Amino acid sequence: MTNENFQKVSAIRGMNDILPADSGQWERLESLVREWLRSYGYRNLRTPVLEQTRLFTRGIGEVTDIVEKEMYSFTDSLNGDSLTMRPEFTAGMVRATIEHNLIYDRPQRVFAIGPVFRHERPQRGRYRQFHQIDVEALGLAGPDIDVELILMLARLWKILGLADIRLEINSLGSAEERLAHRQALIAYLEGYKDQLDEDGKRRLYTNPLRVLDTKNPALQEMADNAPRLLDYLGEASLAHFNGVRERLDDAGISYRVNPRLVRGLDYYNLTVFEWVTDRLGAQGTVCGGGRYDGLISLLGGKPAPAVGFAIGMERLLDLWSQARPAQAQPECDVYVVHQGEPAARAAMRLAEALRDEGLDVILHCGGGSFKSQMKRADGSGAEYAVILGEDEMAEGAASVKALRAEGVPQRRVSMAELPRFLVNELVASGSE
Ligand code: ATP
Ligand code: MG
């Protein structure tokens, strides 16, 4: 085959490469997030990207955006199984918990960070592969833990220096309460049947609560005046909701009760919440979560309560870079340049010796003039260039050139002393 037969292959629409210039910001965010999760006792649970499709149809609910139109599903040609790329973490986390008997004798606080997949129309803040920070507290009935999750999120916004993220909460009550409300809601929505869009008409009888979740501005008033689920809550649900509200007040967290907050997934009950901002254009929800006491038994486990949330990492990063513009990070501390074969070989040994001392080192590879090598050294962002030429080799030494500081003379340091010398210099200059 000749080259002309190959067409350039690009990434799938809505699935992004995270390039070296940006990945540093992702890594810094992830490391802050892991520290934050540890500070509340959460441990990592890693589940596969692929699961049986029925985990999601059952776990998320048939009449949801995700299951109806957003899943990447395919048939495994080996055995005919229907498989799905996870569109969210919760169902898989719960499956793993049941499968490994994790909450047999004690509750579990677990988290996952990674890619999830939804076949949506790509736009700012909405992608087909995106990343979530997913946090689940399994085996705890709340309302204390519900509020702890919210406090935890408030702390993360503070750690990242994010302002203008508002908290909205609601209660979805129990299944019985939702049923009573559902009948009233269907009766109400039937009066607006003609105005409903295709989704709305279909969901009117299958999932009327989701009709209120409309993004259609023309239907806002209809949705605003609909019977409120909050008015159908019984004593126990109300006590739970009030428990959440009191503790939020105790903690000085402000919030708005949004009676129309229903969340996109079917499995929620009692507490649901979202953190929203105006700083992200149309996709303003940074984090959504809530209680899902029915899911564990729905997926075949011994009934146990649970609550959790998921943060969209792309949206969080967008906010974070608005608050704190990303600075270009140096690729290394020290860039080693060299001229001549003996120097090239000594440079490789020297670079290893520097790494033994904990320094980040790029060894120039591929030859080139001294000038072009120095240009690379400068472009790497390194604090120092270490130079090995014929003169240096003759002396068993290397030259050290400060690349960032003004007016520092080039110095010659013996090869044996060089690692310690550079460590001390970097500590003194505050780069290490
Ligand atoms: P939306 O109403 O924006 O579609 P959702 O209710 O479907 O959100 P969840 O399933 O709750 O979202 O996912 C948790 C978080 O993941 C969201 O709050 C958001 O920050 C992020 N998120 C959801 N879908 C996408 C996407 N397609 N691309 C990027 N981030 C997303
Ligand atoms: Mg969605």
# chains A, B, ... in the order shown; residues from 1 in each chain; ligands from 1

$ residues_around --residues "A:Ile103" --least-positions-apart "2" --cutoff "12 Å" --atoms "only C-alpha atoms" --output "JSON list (two decimals) with N, CA, C and O atoms, in the first residue's frame"
[["chain", "number", "residue", "atom", "x", "y", "z"],
["A", 93, "MET", "N", -20.38, 1.09, 40.86],
["A", 93, "MET", "CA", -19.86, 1.09, 42.23],
["A", 93, "MET", "C", -20.76, 0.22, 43.12],
["A", 93, "MET", "O", -20.28, -0.53, 43.95],
["A", 94, "VAL", "N", -22.07, 0.35, 42.92],
["A", 94, "VAL", "CA", -23.00, -0.44, 43.72],
["A", 94, "VAL", "C", -22.89, -1.92, 43.35],
["A", 94, "VAL", "O", -22.87, -2.80, 44.21],
["A", 95, "ARG", "N", -22.78, -2.20, 42.05],
["A", 95, "ARG", "CA", -22.60, -3.59, 41.63],
["A", 95, "ARG", "C", -21.38, -4.21, 42.31],
["A", 95, "ARG", "O", -21.44, -5.31, 42.87],
["A", 96, "ALA", "N", -20.26, -3.48, 42.31],
["A", 96, "ALA", "CA", -19.03, -4.01, 42.91],
["A", 96, "ALA", "C", -19.20, -4.20, 44.42],
["A", 96, "ALA", "O", -18.73, -5.19, 44.99],
["A", 97, "THR", "N", -19.89, -3.28, 45.04],
["A", 97, "THR", "CA", -20.12, -3.36, 46.48],
["A", 97, "THR", "C", -20.90, -4.64, 46.83],
["A", 97, "THR", "O", -20.58, -5.34, 47.78],
["A", 98, "ILE", "N", -21.93, -4.92, 46.01],
["A", 98, "ILE", "CA", -22.74, -6.12, 46.25],
["A", 98, "ILE", "C", -21.90, -7.37, 45.96],
["A", 98, "ILE", "O", -21.83, -8.30, 46.76],
["A", 99, "GLU", "N", -21.22, -7.33, 44.80],
["A", 99, "GLU", "CA", -20.48, -8.51, 44.35],
["A", 99, "GLU", "C", -19.41, -8.92, 45.36],
["A", 99, "GLU", "O", -19.13, -10.09, 45.53],
["A", 100, "HIS", "N", -18.80, -7.94, 46.01],
["A", 100, "HIS", "CA", -17.70, -8.24, 46.94],
["A", 100, "HIS", "C", -18.12, -8.08, 48.40],
["A", 100, "HIS", "O", -17.27, -8.02, 49.28],
["A", 101, "ASN", "N", -19.43, -7.98, 48.61],
["A", 101, "ASN", "CA", -19.93, -7.98, 49.97],
["A", 101, "ASN", "C", -19.33, -6.87, 50.83],
["A", 101, "ASN", "O", -19.06, -7.07, 52.01],
["A", 105, "ASP", "N", -20.68, -5.76, 56.86],
["A", 105, "ASP", "CA", -20.64, -5.45, 58.30],
["A", 105, "ASP", "C", -20.32, -4.00, 58.63],
["A", 105, "ASP", "O", -20.31, -3.62, 59.79],
["A", 106, "ARG", "N", -20.06, -3.20, 57.63],
["A", 106, "ARG", "CA", -19.83, -1.80, 57.96],
["A", 106, "ARG", "C", -20.05, -0.92, 56.73],
["A", 106, "ARG", "O", -19.95, -1.38, 55.59],
["A", 107, "PRO", "N", -20.35, 0.37, 56.96],
["A", 107, "PRO", "CA", -20.54, 1.26, 55.81],
["A", 107, "PRO", "C", -19.22, 1.48, 55.08],
["A", 107, "PRO", "O", -18.15, 1.22, 55.63],
["A", 108, "GLN", "N", -19.32, 1.94, 53.85],
["A", 108, "GLN", "CA", -18.11, 2.19, 53.05],
["A", 108, "GLN", "C", -18.18, 3.59, 52.47],
["A", 108, "GLN", "O", -19.21, 3.99, 51.90],
["A", 109, "ARG", "N", -17.08, 4.30, 52.58],
["A", 109, "ARG", "CA", -16.95, 5.58, 51.89],
["A", 109, "ARG", "C", -15.97, 5.37, 50.75],
["A", 109, "ARG", "O", -14.80, 5.08, 50.99],
["A", 110, "VAL", "N", -16.46, 5.46, 49.52],
["A", 110, "VAL", "CA", -15.62, 5.14, 48.36],
["A", 110, "VAL", "C", -15.71, 6.24, 47.30],
["A", 110, "VAL", "O", -16.69, 6.98, 47.23],
["A", 137, "ALA", "N", -21.29, 7.17, 49.64],
["A", 137, "ALA", "CA", -21.27, 6.73, 51.03],
["A", 137, "ALA", "C", -22.34, 5.66, 51.16],
["A", 137, "ALA", "O", -23.54, 5.95, 51.07],
["A", 138, "LEU", "N", -21.91, 4.41, 51.29],
["A", 138, "LEU", "CA", -22.82, 3.27, 51.20],
["A", 138, "LEU", "C", -23.11, 2.70, 52.59],
["A", 138, "LEU", "O", -22.18, 2.50, 53.37],
["A", 139, "GLY", "N", -24.39, 2.48, 52.87],
["A", 139, "GLY", "CA", -24.76, 1.87, 54.14],
["A", 139, "GLY", "C", -25.07, 2.88, 55.24],
["A", 139, "GLY", "O", -25.16, 2.51, 56.40],
["A", 140, "LEU", "N", -25.24, 4.14, 54.87],
["A", 140, "LEU", "CA", -25.54, 5.18, 55.87],
["A", 140, "LEU", "C", -26.85, 5.88, 55.50],
["A", 140, "LEU", "O", -27.05, 6.26, 54.35],
["A", 296, "ILE", "N", -29.44, -0.37, 45.93],
["A", 296, "ILE", "CA", -28.68, -1.57, 46.29],
["A", 296, "ILE", "C", -29.57, -2.81, 46.20],
["A", 296, "ILE", "O", -29.18, -3.83, 45.61],
["A", 301, "GLY", "N", -28.76, -6.56, 45.93],
["A", 301, "GLY", "CA", -28.07, -6.61, 47.22],
["A", 301, "GLY", "C", -29.05, -6.60, 48.38],
["A", 301, "GLY", "O", -30.26, -6.39, 48.20],
["A", 302, "LYS", "N", -28.52, -6.85, 49.57],
["A", 302, "LYS", "CA", -29.35, -6.74, 50.78],
["A", 302, "LYS", "C", -29.67, -5.26, 50.96],
["A", 302, "LYS", "O", -28.76, -4.43, 50.89],
["A", 303, "PRO", "N", -30.95, -4.91, 51.18],
["A", 303, "PRO", "CA", -31.31, -3.48, 51.22],
["A", 303, "PRO", "C", -30.40, -2.69, 52.16],
["A", 303, "PRO", "O", -30.15, -3.10, 53.28],
["A", 304, "ALA", "N", -29.92, -1.56, 51.67],
["A", 304, "ALA", "CA", -29.08, -0.68, 52.50],
["A", 304, "ALA", "C", -29.17, 0.72, 51.91],
["A", 304, "ALA", "O", -29.28, 0.89, 50.69],
["A", 305, "PRO", "N", -29.15, 1.73, 52.77],
["A", 305, "PRO", "CA", -29.23, 3.11, 52.27],
["A", 305, "PRO", "C", -27.91, 3.56, 51.66],
["A", 305, "PRO", "O", -26.86, 2.95, 51.92],
["A", 306, "ALA", "N", -27.97, 4.60, 50.86],
["A", 306, "ALA", "CA", -26.74, 5.10, 50.23],
["A", 306, "ALA", "C", -26.96, 6.51, 49.72],
["A", 306, "ALA", "O", -28.10, 6.91, 49.43]]

$ residues_near_ligand --ligand "ligand 2" --cutoff "10 Å" --atoms "only C-alpha atoms and all ligand atoms" --output "list in words"
Thr64, Asp65, Ile66, Glu70, Pro87, Arg118, His119, Glu120, Arg126, Arg263, Gly264, Leu265 and Gln283 of chain A

$ residues_near_ligand --ligand "ligand 1" --cutoff "9 Å" --atoms "only C-alpha atoms and all ligand atoms" --output "ChimeraX atom specification"
/A:14,65-66,87-88,116-134,213,263-265,274-276,282-289,309-316

$ residues_around --residues "A:Glu383" --least-positions-apart "5" --cutoff "8 Å" --atoms "only C-alpha atoms" --output "ChimeraX atom specification"
/A:332-334,402-404,426,431

$ residues_around --residues "stretch 376-381 of chain A" --least-positions-apart "4" --cutoff "6 Å" --atoms "only C-alpha atoms" --output "ChimeraX atom specification"
/A:330-331,335

$ write_last_selection --atoms "C-alpha atoms" --output "mmCIF file, in the first residue's frame"
data_model
loop_
_atom_site.group_PDB
_atom_site.id
_atom_site.type_symbol
_atom_site.label_atom_id
_atom_site.label_comp_id
_atom_site.auth_asym_id
_atom_site.auth_seq_id
_atom_site.Cartn_x
_atom_site.Cartn_y
_atom_site.Cartn_z
ATOM 1 C CA PRO A 330 8.681 23.703 33.669
ATOM 2 C CA GLU A 331 9.306 20.326 32.062
ATOM 3 C CA TYR A 335 18.475 20.224 31.170
#

$ residues_around --residues "A:His338" --least-positions-apart "6" --cutoff "6 Å" --atoms "only C-alpha atoms" --output "ChimeraX atom specification"
/A:344,387-389

$ atom_distance --atom1 "atom CA of A:Val336" --atom2 "atom CA of A:Val386"
4.7 Å

$ select_by_dssp --residues "stretch 275-341 of chain A" --states "strand (DSSP E)" --output "VMD selection string"
chain A and resid 275 to 276 285 to 291 306 to 312 334 to 338

$ residues_around --residues "stretch 39-48 of chain A" --least-positions-apart "3" --cutoff "9 Å" --atoms "only C-alpha atoms" --output "ChimeraX atom specification"
/A:34-36,51,85-86,89,92-93,96,108-114,135-137,148,152

$ residues_around --residues "stretch 53-58 of chain A" --least-positions-apart "5" --cutoff "7 Å" --atoms "only C-alpha atoms" --output "ChimeraX atom specification"
/A:67,73,82-84,91

$ atom_distance --atom1 "atom CA of A:Arg324" --atom2 "atom CA of A:Trp26"
13.2 Å

$ select_by_dssp --residues "stretch 265-363 of chain A" --states "alpha helix (DSSP H)" --output "NGL selection string"
:A and (295-298 or 313-323 or 341-356)

$ atom_distance --atom1 "atom CA of A:Val244" --atom2 "atom CA of A:Pro143"
5.4 Å

$ closest_residue --among "A:Ala226, A:Leu19, A:Leu162, A:Val272" --to "A:Glu190" --atoms "only C-alpha atoms"
A:Ala226
